[in-house]
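Engineer: Below is input35.tsv; it holds TSV, C-alpha atoms.
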chain	number	residue	atom	x	y	z
A	276	MET	CA	-15.85	-10.58	18.43
A	277	THR	CA	-12.25	-10.75	19.69
A	278	LEU	CA	-10.15	-7.65	20.31
A	279	ARG	CA	-6.38	-8.14	20.06
A	280	PRO	CA	-4.48	-5.08	21.30
A	281	ARG	CA	-0.83	-5.10	20.27
A	282	ASP	CA	0.47	-2.74	22.95
A	283	VAL	CA	-0.64	-0.51	25.81
A	284	PRO	CA	-1.99	2.31	23.57
A	285	ASP	CA	-4.08	-0.27	21.70
A	286	LEU	CA	-5.33	-1.66	25.00
A	287	LEU	CA	-6.25	1.79	26.26
A	288	ASP	CA	-8.23	2.46	23.09
A	289	ALA	CA	-10.09	-0.84	23.42
A	290	VAL	CA	-10.98	-0.33	27.09
A	291	ARG	CA	-11.99	3.31	26.61
A	292	SER	CA	-14.18	2.41	23.66
A	293	ALA	CA	-15.83	-0.37	25.67
A	294	SER	CA	-16.33	1.99	28.61
A	295	ASP	CA	-17.94	4.63	26.41
A	296	SER	CA	-20.32	2.11	24.85
A	297	ARG	CA	-20.82	0.09	28.07
A	298	ALA	CA	-19.71	-3.04	26.17
A	299	PRO	CA	-18.48	-5.84	28.49
A	300	LEU	CA	-15.08	-7.40	27.88
A	301	GLU	CA	-13.89	-10.88	28.79
A	302	ILE	CA	-10.14	-10.75	29.46
A	303	VAL	CA	-8.47	-13.76	27.86
A	304	GLY	CA	-4.85	-14.86	27.92
A	305	ALA	CA	-4.23	-18.48	27.04
A	306	GLY	CA	-7.84	-19.23	28.01
A	307	THR	CA	-6.92	-22.00	30.44
A	308	LYS	CA	-9.20	-20.62	33.16
A	309	ARG	CA	-12.23	-19.45	31.19
A	310	GLY	CA	-14.20	-22.16	32.96
A	311	LEU	CA	-13.29	-20.74	36.38
A	312	GLY	CA	-15.91	-18.31	37.62
A	313	ARG	CA	-19.34	-17.33	36.37
A	314	PRO	CA	-19.77	-17.12	32.57
A	315	VAL	CA	-18.95	-13.72	31.06
A	316	THR	CA	-20.88	-12.44	28.07
A	317	GLY	CA	-19.05	-9.87	25.96
A	318	HIS	CA	-16.25	-9.31	23.49
A	319	ALA	CA	-13.08	-11.27	24.16
A	320	LEU	CA	-10.08	-9.07	24.99
A	321	ASP	CA	-7.08	-11.15	23.91
A	322	VAL	CA	-3.95	-10.05	25.81
A	323	THR	CA	-1.56	-12.66	24.46
A	324	ALA	CA	0.48	-9.93	22.71
A	325	PHE	CA	1.71	-8.82	26.14
A	326	THR	CA	4.40	-11.45	26.37
A	327	GLY	CA	8.08	-11.63	27.19
A	328	ILE	CA	10.44	-11.36	30.17
A	329	GLU	CA	11.36	-7.70	30.66
A	330	SER	CA	14.11	-8.22	33.24
A	331	TYR	CA	15.43	-10.97	35.46
A	332	GLU	CA	18.04	-10.48	38.17
A	333	PRO	CA	18.74	-13.84	39.82
A	334	GLU	CA	21.02	-12.28	42.41
A	335	GLU	CA	18.19	-9.96	43.48
A	336	LEU	CA	15.55	-12.73	43.36
A	337	VAL	CA	13.23	-10.61	41.23
A	338	LEU	CA	11.70	-11.04	37.78
A	339	THR	CA	9.58	-8.67	35.69
A	340	ALA	CA	7.55	-9.94	32.75
A	341	ARG	CA	4.58	-8.96	30.65
A	342	ALA	CA	1.39	-10.44	32.01
A	343	GLY	CA	0.67	-12.66	28.99
A	344	THR	CA	4.01	-14.47	29.21
A	345	PRO	CA	3.50	-18.25	29.35
A	346	LEU	CA	4.32	-19.61	32.77
A	347	ALA	CA	6.33	-22.39	31.13
A	348	GLU	CA	8.69	-19.77	29.70
A	349	ILE	CA	9.11	-18.18	33.13
A	350	GLU	CA	9.79	-21.51	34.83
A	351	ALA	CA	12.28	-22.61	32.18
A	352	ARG	CA	14.26	-19.40	32.71
A	353	LEU	CA	14.20	-19.87	36.48
A	354	ILE	CA	15.36	-23.48	36.26
A	355	GLN	CA	18.47	-22.34	34.39
A	356	ALA	CA	19.38	-20.20	37.41
A	357	GLY	CA	18.42	-22.81	40.01
A	358	GLN	CA	15.39	-20.80	41.13
A	359	GLN	CA	11.62	-21.25	41.27
A	360	LEU	CA	8.24	-19.70	41.94
A	361	ALA	CA	8.01	-20.80	45.55
A	362	PHE	CA	4.22	-20.61	45.69
A	363	GLU	CA	4.15	-23.56	43.26
A	364	PRO	CA	1.44	-22.36	40.83
A	365	PRO	CA	-0.89	-25.14	39.68
A	366	ASP	CA	-1.88	-25.78	36.09
A	367	TYR	CA	-5.68	-26.08	35.93
A	368	GLY	CA	-5.83	-26.28	32.13
A	369	PRO	CA	-6.29	-30.08	32.06
A	370	LEU	CA	-9.21	-29.80	34.48
A	371	TYR	CA	-11.07	-28.04	31.65
A	372	GLY	CA	-9.97	-30.46	28.95
A	373	GLN	CA	-7.03	-28.36	27.75
A	374	SER	CA	-3.38	-29.28	27.32
A	375	ARG	CA	-0.80	-28.66	30.00
A	376	GLY	CA	1.68	-25.79	30.07
A	377	ARG	CA	-0.38	-23.03	28.39
A	378	GLN	CA	-1.28	-20.78	31.33
A	379	THR	CA	0.14	-17.27	31.69
A	380	LEU	CA	1.86	-15.54	34.57
A	381	GLY	CA	-0.78	-12.81	34.71
A	382	GLY	CA	-3.59	-15.35	34.86
A	383	VAL	CA	-1.98	-17.19	37.77
A	384	LEU	CA	-1.58	-13.95	39.72
A	385	ALA	CA	-5.05	-12.64	38.85
A	386	CYS	CA	-6.54	-15.87	40.24
A	387	ASN	CA	-4.08	-16.02	43.19
A	388	LEU	CA	-3.31	-19.67	42.57
A	389	ALA	CA	-0.91	-21.62	44.77
A	390	GLY	CA	0.02	-25.27	45.19
A	391	PRO	CA	0.99	-27.54	48.10
A	392	ARG	CA	3.86	-25.29	49.22
A	393	ARG	CA	1.29	-22.64	50.17
A	394	LEU	CA	1.71	-24.00	53.71
A	395	THR	CA	5.21	-22.59	54.05
A	396	ALA	CA	5.74	-20.20	51.11
A	397	GLY	CA	2.44	-18.34	51.13
A	398	ALA	CA	0.01	-17.58	48.31
A	399	ALA	CA	0.74	-16.05	44.92
A	400	ARG	CA	-0.13	-12.60	46.30
A	401	ASP	CA	2.72	-12.91	48.82
A	402	HIS	CA	5.22	-13.02	45.92
A	403	PHE	CA	3.54	-10.32	43.82
A	404	LEU	CA	5.70	-7.21	44.19
A	405	GLY	CA	4.32	-4.80	41.59
A	406	PHE	CA	2.48	-4.34	38.34
A	407	ALA	CA	1.35	-2.07	35.54
A	408	ALA	CA	-2.30	-2.25	34.47
A	409	VAL	CA	-5.22	-0.56	32.75
A	410	SER	CA	-8.35	0.04	34.82
A	411	GLY	CA	-11.92	-0.16	33.61
A	412	ARG	CA	-11.85	3.64	33.44
A	413	GLY	CA	-9.30	3.38	30.62
A	414	GLU	CA	-6.44	4.67	32.78
A	415	CYS	CA	-2.90	3.32	33.07
A	416	PHE	CA	-1.63	2.89	36.61
A	417	LYS	CA	1.22	1.20	38.45
A	418	ALA	CA	1.71	-0.05	41.99
A	419	GLY	CA	4.40	-1.69	44.09
A	420	GLY	CA	7.97	-2.04	43.00
A	421	ARG	CA	10.89	-4.42	42.75
A	422	VAL	CA	11.23	-5.12	46.48
A	423	VAL	CA	8.75	-5.54	49.31
A	424	LYS	CA	9.97	-2.35	51.03
A	425	ASN	CA	8.80	-0.31	48.04
A	426	VAL	CA	5.18	-1.10	48.86
A	427	THR	CA	3.70	1.89	50.67
A	428	GLY	CA	0.11	2.95	51.22
A	429	TYR	CA	-2.47	0.58	49.77
A	430	ASP	CA	-0.93	-2.70	48.58
A	431	LEU	CA	-2.75	-2.89	45.27
A	432	SER	CA	-0.80	-5.97	44.17
A	433	LYS	CA	-2.52	-8.00	46.86
A	434	LEU	CA	-5.85	-6.47	45.92
A	435	LEU	CA	-5.56	-7.46	42.26
A	436	ALA	CA	-4.35	-10.96	43.16
A	437	GLY	CA	-7.54	-12.97	43.34
A	438	SER	CA	-9.70	-10.35	41.62
A	439	HIS	CA	-10.00	-12.57	38.50
A	440	GLY	CA	-9.62	-9.65	36.11
A	441	THR	CA	-12.66	-7.78	37.42
A	442	LEU	CA	-10.75	-4.64	38.45
A	443	ALA	CA	-8.02	-4.11	35.85
A	444	VAL	CA	-6.14	-5.63	32.92
A	445	LEU	CA	-2.61	-6.53	33.99
A	446	THR	CA	0.04	-5.64	31.41
A	447	GLU	CA	3.28	-6.16	33.37
A	448	VAL	CA	4.05	-7.88	36.67
A	449	THR	CA	7.02	-8.11	39.00
A	450	ILE	CA	7.42	-11.17	41.22
A	451	LYS	CA	9.76	-12.45	43.88
A	452	VAL	CA	11.55	-15.72	43.10
A	453	LEU	CA	13.50	-18.02	45.43
A	454	PRO	CA	16.20	-20.69	45.16
A	455	ALA	CA	14.91	-24.12	44.16
A	456	PRO	CA	15.57	-26.99	46.59
A	457	GLU	CA	18.53	-29.22	45.83
A	458	THR	CA	16.55	-32.39	46.44
A	459	VAL	CA	13.13	-33.59	47.57
A	460	ALA	CA	11.89	-36.65	49.44
A	461	THR	CA	8.43	-37.76	50.48
A	462	ALA	CA	7.40	-39.78	53.50
A	463	LEU	CA	4.41	-41.98	52.60
A	464	LEU	CA	2.25	-43.37	55.40
A	465	PRO	CA	-0.02	-46.06	53.90
A	466	GLY	CA	-3.51	-47.08	54.92
A	467	LEU	CA	-4.42	-44.34	57.41
A	468	SER	CA	-8.01	-43.31	58.05
A	469	SER	CA	-8.87	-39.67	57.46
A	470	GLU	CA	-8.74	-38.93	61.20
A	471	ALA	CA	-5.39	-40.67	61.63
A	472	ALA	CA	-4.08	-38.90	58.55
A	473	PHE	CA	-4.96	-35.51	59.99
A	474	ALA	CA	-3.18	-36.38	63.25
A	475	ALA	CA	-0.05	-37.43	61.35
A	476	MET	CA	-0.06	-34.29	59.19
A	477	ARG	CA	-0.67	-32.10	62.25
A	478	ASP	CA	2.24	-33.64	64.16
A	479	ALA	CA	4.56	-33.40	61.17
A	480	LEU	CA	3.73	-29.77	60.50
A	481	ALA	CA	4.12	-28.89	64.18
A	482	SER	CA	7.56	-30.52	64.29
A	483	PRO	CA	10.83	-28.72	63.42
A	484	CYS	CA	11.20	-30.88	60.30
A	485	ASP	CA	10.15	-28.05	57.93
A	486	VAL	CA	7.60	-30.11	56.00
A	487	SER	CA	6.73	-28.28	52.75
A	488	GLY	CA	3.73	-30.37	51.71
A	489	ALA	CA	1.16	-32.51	53.53
A	490	ALA	CA	-1.69	-34.30	51.77
A	491	HIS	CA	-4.02	-37.27	52.22
A	492	LEU	CA	-5.25	-39.39	49.32
A	493	PRO	CA	-8.06	-41.85	50.11
A	494	ALA	CA	-7.82	-45.29	48.54
A	495	ALA	CA	-10.28	-44.36	45.78
A	496	LEU	CA	-7.91	-41.67	44.49
A	497	ALA	CA	-4.52	-43.02	45.51
A	498	CYS	CA	-4.87	-45.59	42.72
A	499	SER	CA	-4.91	-42.76	40.14
A	500	MET	CA	-1.88	-40.92	41.50
A	501	PRO	CA	1.71	-42.08	41.81
A	502	PRO	CA	3.08	-44.07	43.50
A	503	ARG	CA	0.67	-46.49	45.30
A	504	GLU	CA	-2.46	-48.40	44.38
A	505	GLY	CA	-5.14	-49.98	46.50
A	506	GLN	CA	-4.90	-48.14	49.82
A	507	ALA	CA	-4.96	-44.62	51.24
A	508	ALA	CA	-1.73	-42.63	51.24
A	509	THR	CA	-0.77	-39.80	53.57
A	510	VAL	CA	2.25	-37.96	52.16
A	511	LEU	CA	4.69	-35.48	53.69
A	512	ARG	CA	7.29	-33.61	51.63
A	513	LEU	CA	10.74	-32.46	52.72
A	514	GLU	CA	12.97	-30.27	50.54
A	515	GLY	CA	16.45	-28.77	50.73
A	516	PRO	CA	20.13	-29.77	50.68
A	517	PRO	CA	20.56	-33.57	50.82
A	518	PRO	CA	22.24	-33.66	54.28
A	519	SER	CA	19.43	-31.50	55.70
A	520	VAL	CA	16.71	-33.66	54.14
A	521	ASP	CA	18.35	-36.83	55.49
A	522	ALA	CA	18.54	-35.36	58.99
A	523	ARG	CA	14.94	-34.17	58.90
A	524	ILE	CA	13.71	-37.57	57.72
A	525	ALA	CA	15.28	-39.07	60.84
A	526	SER	CA	13.66	-36.35	62.97
A	527	LEU	CA	10.32	-36.95	61.28
A	528	ARG	CA	10.39	-40.62	62.31
A	529	THR	CA	10.81	-39.48	65.91
A	530	ALA	CA	8.12	-36.79	65.63
A	531	LEU	CA	5.56	-39.21	64.21
A	532	GLY	CA	6.31	-41.91	66.77
A	533	PRO	CA	7.00	-45.66	66.50
A	534	ASP	CA	3.40	-46.50	65.57
A	535	ARG	CA	3.58	-44.47	62.35
A	536	SER	CA	6.05	-46.11	60.03
A	537	PHE	CA	6.52	-44.67	56.57
A	538	GLU	CA	8.05	-45.47	53.22
A	539	LEU	CA	10.39	-43.02	51.55
A	540	LEU	CA	9.96	-41.79	47.99
A	541	GLY	CA	12.93	-40.37	46.11
A	542	PRO	CA	13.12	-37.21	43.97
A	543	GLY	CA	11.56	-38.66	40.80
A	544	GLU	CA	8.55	-40.25	42.46
A	545	SER	CA	8.13	-37.22	44.72
A	546	ALA	CA	8.10	-34.79	41.80
A	547	ALA	CA	5.43	-36.81	39.96
A	548	LEU	CA	3.29	-37.16	43.08
A	549	TRP	CA	3.33	-33.51	44.10
A	550	SER	CA	2.76	-32.35	40.54
A	551	SER	CA	-0.42	-34.45	40.51
A	552	ILE	CA	-1.54	-33.06	43.87
A	553	ARG	CA	-0.74	-29.49	42.79
A	554	ASP	CA	-2.83	-29.75	39.61
A	555	ALA	CA	-5.66	-31.89	41.08
A	556	ALA	CA	-4.71	-34.28	38.29
A	557	PRO	CA	-7.06	-37.18	39.23
A	558	PHE	CA	-10.00	-35.01	38.18
A	559	ALA	CA	-8.62	-34.06	34.76
A	560	ALA	CA	-10.02	-37.21	33.16
A	561	THR	CA	-13.62	-36.16	33.91
A	562	PRO	CA	-13.81	-32.55	32.64
A	563	THR	CA	-17.63	-32.40	32.62
A	564	LEU	CA	-18.15	-33.21	36.30
A	565	PRO	CA	-18.57	-30.47	38.93
A	566	LEU	CA	-15.40	-29.89	40.94
A	567	TRP	CA	-15.25	-27.97	44.21
A	568	ARG	CA	-12.29	-26.60	46.18
A	569	LEU	CA	-12.93	-26.08	49.89
A	570	ALA	CA	-10.88	-24.03	52.37
A	571	LEU	CA	-11.33	-25.45	55.87
A	572	PRO	CA	-9.84	-25.54	59.34
A	573	PRO	CA	-7.52	-28.56	58.88
A	574	ALA	CA	-9.06	-30.50	61.76
A	575	ALA	CA	-12.45	-30.39	60.00
A	576	PHE	CA	-11.51	-31.97	56.66
A	577	ALA	CA	-12.30	-35.58	57.65
A	578	ARG	CA	-15.71	-34.65	59.03
A	579	VAL	CA	-16.61	-32.47	56.02
A	580	ALA	CA	-15.46	-35.13	53.53
A	581	SER	CA	-17.51	-37.75	55.35
A	582	GLU	CA	-20.59	-35.51	55.47
A	583	ILE	CA	-20.43	-34.82	51.73
A	584	ALA	CA	-19.76	-38.48	50.85
A	585	GLU	CA	-22.76	-39.61	52.91
A	586	ARG	CA	-25.12	-37.40	50.93
A	587	LEU	CA	-23.53	-37.33	47.48
A	588	ASP	CA	-21.62	-39.62	45.15
A	589	ALA	CA	-18.25	-37.88	45.37
A	590	ARG	CA	-14.49	-38.35	45.19
A	591	TRP	CA	-12.10	-36.21	47.23
A	592	PHE	CA	-8.59	-35.67	48.53
A	593	ALA	CA	-7.04	-33.26	51.04
A	594	ASP	CA	-4.03	-30.94	50.67
A	595	TRP	CA	-2.47	-28.24	52.88
A	596	GLY	CA	-2.50	-30.55	55.92
A	597	GLY	CA	-6.29	-30.77	55.60
A	598	GLY	CA	-6.84	-27.06	54.97
A	599	ARG	CA	-7.77	-27.62	51.31
A	600	LEU	CA	-10.30	-30.24	50.28
A	601	TRP	CA	-10.94	-31.11	46.62
A	602	VAL	CA	-14.37	-32.67	45.94
A	603	GLU	CA	-15.63	-33.95	42.60
A	604	LEU	CA	-19.32	-34.82	42.27
A	605	ALA	CA	-20.31	-37.79	40.12
A	606	HIS	CA	-23.28	-36.13	38.43
A	607	GLU	CA	-23.51	-33.05	36.26
A	608	GLY	CA	-25.69	-30.04	36.88
A	609	GLU	CA	-27.14	-30.87	40.31
A	610	ASP	CA	-27.97	-27.66	42.14
A	611	ALA	CA	-28.71	-29.66	45.28
A	612	GLY	CA	-25.15	-30.96	45.28
A	613	ALA	CA	-23.86	-27.40	45.29
A	614	ALA	CA	-25.98	-26.63	48.35
A	615	VAL	CA	-24.70	-29.71	50.19
A	616	VAL	CA	-21.05	-28.88	49.53
A	617	ARG	CA	-21.37	-25.20	50.40
A	618	MET	CA	-23.32	-25.84	53.62
A	619	ALA	CA	-20.86	-28.51	54.74
A	620	ALA	CA	-18.01	-26.02	54.31
A	621	GLN	CA	-19.87	-23.21	56.08
A	622	ARG	CA	-20.76	-25.41	59.06
A	623	ALA	CA	-17.04	-26.03	59.49
A	624	SER	CA	-16.29	-22.27	59.32
A	625	GLY	CA	-14.84	-22.68	55.85
A	626	HIS	CA	-15.88	-21.77	52.34
A	627	ALA	CA	-16.20	-23.45	48.95
A	628	VAL	CA	-15.40	-22.40	45.38
A	629	LEU	CA	-16.91	-24.10	42.34
A	630	ILE	CA	-13.80	-24.68	40.26
A	631	ARG	CA	-15.45	-26.49	37.36
A	632	ALA	CA	-19.01	-26.96	36.13
A	633	SER	CA	-21.18	-26.41	33.08
A	634	LYS	CA	-21.99	-22.85	32.04
A	635	ASP	CA	-25.59	-23.37	33.11
A	636	LEU	CA	-24.66	-24.49	36.61
A	637	ARG	CA	-22.10	-21.69	37.01
A	638	ALA	CA	-24.78	-19.19	36.00
A	639	ARG	CA	-27.33	-20.60	38.45
A	640	VAL	CA	-25.35	-21.11	41.66
A	641	PRO	CA	-22.75	-18.88	43.34
A	642	VAL	CA	-19.30	-19.89	42.16
A	643	PHE	CA	-17.47	-18.05	44.95
A	644	ASP	CA	-18.60	-17.88	48.55
A	645	PRO	CA	-21.11	-15.01	48.79
A	646	GLY	CA	-19.61	-13.80	52.09
A	647	THR	CA	-21.24	-11.25	54.36
A	648	ASP	CA	-23.29	-8.22	53.38
A	649	ALA	CA	-20.39	-6.02	54.48
A	650	MET	CA	-17.99	-7.88	52.18
A	651	ALA	CA	-20.44	-7.62	49.30
A	652	ALA	CA	-20.73	-3.87	49.84
A	653	LEU	CA	-16.93	-3.52	49.90
A	654	THR	CA	-16.66	-5.53	46.68
A	655	ARG	CA	-19.13	-3.22	44.97
A	656	ARG	CA	-17.23	-0.12	46.13
A	657	LEU	CA	-13.97	-1.51	44.79
A	658	LYS	CA	-15.62	-2.25	41.45
A	659	ASP	CA	-17.02	1.29	41.41
A	660	SER	CA	-13.51	2.69	41.92
A	661	PHE	CA	-11.68	0.62	39.31
A	662	ASP	CA	-14.41	-0.21	36.81
A	663	PRO	CA	-17.53	1.93	37.35
A	664	HIS	CA	-19.22	0.88	34.11
A	665	ARG	CA	-18.76	-2.85	34.83
A	666	ILE	CA	-16.96	-3.70	31.60
A	667	LEU	CA	-14.06	-5.88	32.83
A	668	ASN	CA	-15.09	-9.52	33.33
A	669	PRO	CA	-18.48	-8.38	34.66
A	670	GLY	CA	-20.14	-10.98	36.87
A	671	ARG	CA	-17.11	-13.30	36.78
A	672	MET	CA	-16.97	-13.50	40.57
A	673	TYR	CA	-20.37	-12.20	41.71
A	674	GLU	CA	-23.56	-11.31	39.89
A	675	GLY	CA	-23.77	-7.60	39.10
A	676	VAL	CA	-20.14	-6.88	39.98
Can you give me the file's structure in the form of structure tokens?

Structural biologist:
Amino acid sequence: MTLRPRDVPDLLDAVRSASDSRAPLEIVGAGTKRGLGRPVTGHALDVTAFTGIESYEPEELVLTARAGTPLAEIEARLIQAGQQLAFEPPDYGPLYGQSRGRQTLGGVLACNLAGPRRLTAGAARDHFLGFAAVSGRGECFKAGGRVVKNVTGYDLSKLLAGSHGTLAVLTEVTIKVLPAPETVATALLPGLSSEAAFAAMRDALASPCDVSGAAHLPAALACSMPPREGQAATVLRLEGPPPSVDARIASLRTALGPDRSFELLGPGESAALWSSIRDAAPFAATPTLPLWRLALPPAAFARVASEIAERLDARWFADWGGGRLWVELAHEGEDAGAAVVRMAAQRASGHAVLIRASKDLRARVPVFDPGTDAMAALTRRLKDSFDPHRILNPGRMYEGV
């Protein structure tokens, strides 16, 4: 059964009724991320009626919209004013066999998604200023405000970002926006090994060149992403006013040294390349294969990728200067593969999230890193506070929570 509240009073009635009857609800916007997290069994709570931009003040760099507003609508409005969501939210819909451009603003914030510019602009939660929501208790509440200085006491915006709808149903959100860059260029270093690629990304990011994206595509994946086929590609992005970008390109050549020559990609090629990296686009053509996203110390990505590739048939690429590693396994439903990936990440002091897999596999293995006993206890206490009867996306992140 699908519940479709038309407004906040309707939503309150639906949540209170579910709380009284202990009936679980699966919060659904456009449905582009239903495959992210453990399967949820319960009535679907369709929040697509909560749509529309409430207010937008370009001069104040702040926008307020209902949580179900399509992200494409938000971005189109920002483009008109020469602004952007600086955290560069990815579109994971195609990873699950869905069309592009359907995700909602609330879904992006609830999952705390960010793209390659995470290195310099921060995560989605860093741009999340305030919200209105309904808790699992059937209570309306608000937090934050229109500017960062309004956030006092507990910063609940950051708490809800990344909670995957397990604590509350977002109805309205306020976000910080920033000016869009005037131009973009990408330095492409061809043919580097993983170790050499890390060294180049490290040196570029440590330089004063203000690199806003750093990724490494091994030869097996570079052929499926613009602009090069047949050999590995290490790519570094620079954004800003044209004179500044030109000057920083010259500085980057000096920072990387004479032994690291690079080609230069213009705005069109750069936009296509970084869009593919942002959305993990090479893996969209194989929507049934398990896909993992690892967070690692950047220096460890080459070792972890090699360790996984030695034991499993896998494809991978690195983003965030090596701090994010995407790994797709070639076989469906292998629990042993999950153990290999997770242990490789943990040995490197990182963690792994199962971004895509069958319902059966997502029900059998932990999707998110289990963390410590102390973290598990804190998670349970938070769930007790916001949703004591476990009705909002129960078990989406962790079993029993």

Engineer: Could you jot down the CA of Ala620 (chain A) to CA of Leu496 (chain A) separation for me, Å, one decimal place?

Structural biologist: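 One can read the CA of Ala620 (chain A) to CA of Leu496 (chain A) distance as 21.1 Å.
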
Engineer: Which one of A:Gly390, A:Gly466, A:Pro299, A:Gly646 sits closest to Phe537 (chain A) if you count only C-alpha atoms?

Structural biologist: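 Nearest to Phe537 (chain A): A:Gly466.
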
Engineer: Find the spatial neighbours of Gly670 (chain A), counting only C-alpha atoms, within a cut-off of 9 Å - ignore same-chain residues fewer than 3 positions away - and output them as a ChimeraX atom specification.

Structural biologist: /A:312-316,441,665,667,673-676

Engineer: Counting only C-alpha atoms, figure out which residue out of A:Asp401, A:Asp554, A:Asp485, A:Asp288 gets nearest to Leu434 (chain A).

Structural biologist: A:Asp401

Engineer: Suppose you want the space between CA of Pro483 (chain A) and CA of Ala577 (chain A); what is it in Å?

Structural biologist: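 Separation between CA of Pro483 (chain A) and CA of Ala577 (chain A): 24.8 Å.
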
Engineer: Got a sec: who's within 6 Å of region 629-640 of chain A, counting all atoms listed in the file, leaving out chain neighbours fewer than 2 positions off, as a list of chain:residue names?

Structural biologist: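 Once the nearby chain positions are removed, what remains is A:Leu311, A:Arg313, A:Pro565, A:Leu566, A:Trp567, A:Gly608, A:Val642.
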
Engineer: Please save C-alpha atoms of the selected residues as a PDB file, in the coordinates of the input.

Structural biologist:
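Dumped everything to part-v5.pdb:
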ATOM      1  CA  LEU A 311     -13.290 -20.740  36.380  1.00  0.00           C
ATOM      2  CA  ARG A 313     -19.340 -17.330  36.370  1.00  0.00           C
ATOM      3  CA  PRO A 565     -18.570 -30.470  38.930  1.00  0.00           C
ATOM      4  CA  LEU A 566     -15.400 -29.890  40.940  1.00  0.00           C
ATOM      5  CA  TRP A 567     -15.250 -27.970  44.210  1.00  0.00           C
ATOM      6  CA  GLY A 608     -25.690 -30.040  36.880  1.00  0.00           C
ATOM      7  CA  VAL A 642     -19.300 -19.890  42.160  1.00  0.00           C
TER       8      VAL A 642
END

Engineer: Would you mind telling me which residue in A:Ile450, A:Leu370, A:Gly357, A:Gly413 lies nearest to Ile328 (chain A) when using only C-alpha atoms?

Structural biologist: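 Comparing A:Ile450, A:Leu370, A:Gly357, A:Gly413 against Ile328 (chain A), the winner is A:Ile450.
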
Engineer: One number please: CA of Leu404 (chain A) to CA of Gly419 (chain A), in Å, one decimal.

Structural biologist: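 Distance reported for this atom pair: 5.7 Å.
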
Engineer: If I put a ball of radius 8 Å at (-11.3, -0.3, 40.8) in the file's coordinates, which residues poke into it when counting all atoms listed in the file, written as a compact mmCIF listing (two decimals) with C-alpha atoms, in the coordinates of the input?

Structural biologist:
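Below is the file result-v3.txt, written as the result:
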# COMPACT_ATOMS: atom_id res chain seq x y z
CA SER A 410 -8.35 0.04 34.82
CA GLY A 411 -11.92 -0.16 33.61
CA LEU A 442 -10.75 -4.64 38.45
CA ALA A 443 -8.02 -4.11 35.85
CA ARG A 656 -17.23 -0.12 46.13
CA LEU A 657 -13.97 -1.51 44.79
CA LYS A 658 -15.62 -2.25 41.45
CA ASP A 659 -17.02 1.29 41.41
CA SER A 660 -13.51 2.69 41.92
CA PHE A 661 -11.68 0.62 39.31
CA ASP A 662 -14.41 -0.21 36.81
CA PRO A 663 -17.53 1.93 37.35

Engineer: Find the spatial neighbours of Gly327 (chain A), counting all atoms listed in the file, within a cut-off of 12 Å - ignore same-chain residues fewer than 2 positions away - and output them as a ChimeraX atom specification.

Structural biologist: /A:323-325,329-331,338-349,352,379-381,446-448

Engineer: Of the candidates A:Ala455, A:Leu480, A:Ala408, A:Ala651, which shows the shortest atom-to-atom distance to Leu287 (chain A), using all atoms listed in the file?

Structural biologist: A:Ala408

Engineer: Skipping near chain neighbours, those fewer than 6 positions away, what residues fall within 9 Å of Glu582 (chain A) using all atoms listed in the file, listed as a list of chain:residue names?

Structural biologist: A:Val615, A:Val616, A:Ala619

Engineer: Since the input is missing atoms, can you rebuild N, CA, C and O atoms for region 508-514 of chain A and write them as a compact mmCIF listing (two decimals), in the frame of the given file?

Structural biologist:
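Contents of the output file part-v6.txt:
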# COMPACT_ATOMS: atom_id res chain seq x y z
N ALA A 508 -3.12 -43.07 51.09
CA ALA A 508 -1.73 -42.63 51.24
C ALA A 508 -1.71 -41.23 51.84
O ALA A 508 -2.33 -40.30 51.31
N THR A 509 -1.02 -41.10 52.96
CA THR A 509 -0.77 -39.80 53.57
C THR A 509 0.68 -39.45 53.27
O THR A 509 1.58 -40.24 53.55
N VAL A 510 0.92 -38.27 52.66
CA VAL A 510 2.25 -37.96 52.16
C VAL A 510 2.76 -36.64 52.74
O VAL A 510 2.01 -35.68 52.87
N LEU A 511 4.04 -36.64 53.08
CA LEU A 511 4.69 -35.48 53.69
C LEU A 511 5.97 -35.19 52.91
O LEU A 511 6.79 -36.09 52.71
N ARG A 512 6.15 -33.96 52.48
CA ARG A 512 7.29 -33.61 51.63
C ARG A 512 8.35 -32.84 52.41
O ARG A 512 8.03 -31.95 53.21
N LEU A 513 9.61 -33.18 52.15
CA LEU A 513 10.74 -32.46 52.72
C LEU A 513 11.67 -32.05 51.58
O LEU A 513 11.97 -32.86 50.70
N GLU A 514 12.14 -30.80 51.60
CA GLU A 514 12.97 -30.27 50.54
C GLU A 514 14.19 -29.57 51.12
O GLU A 514 14.15 -29.05 52.23
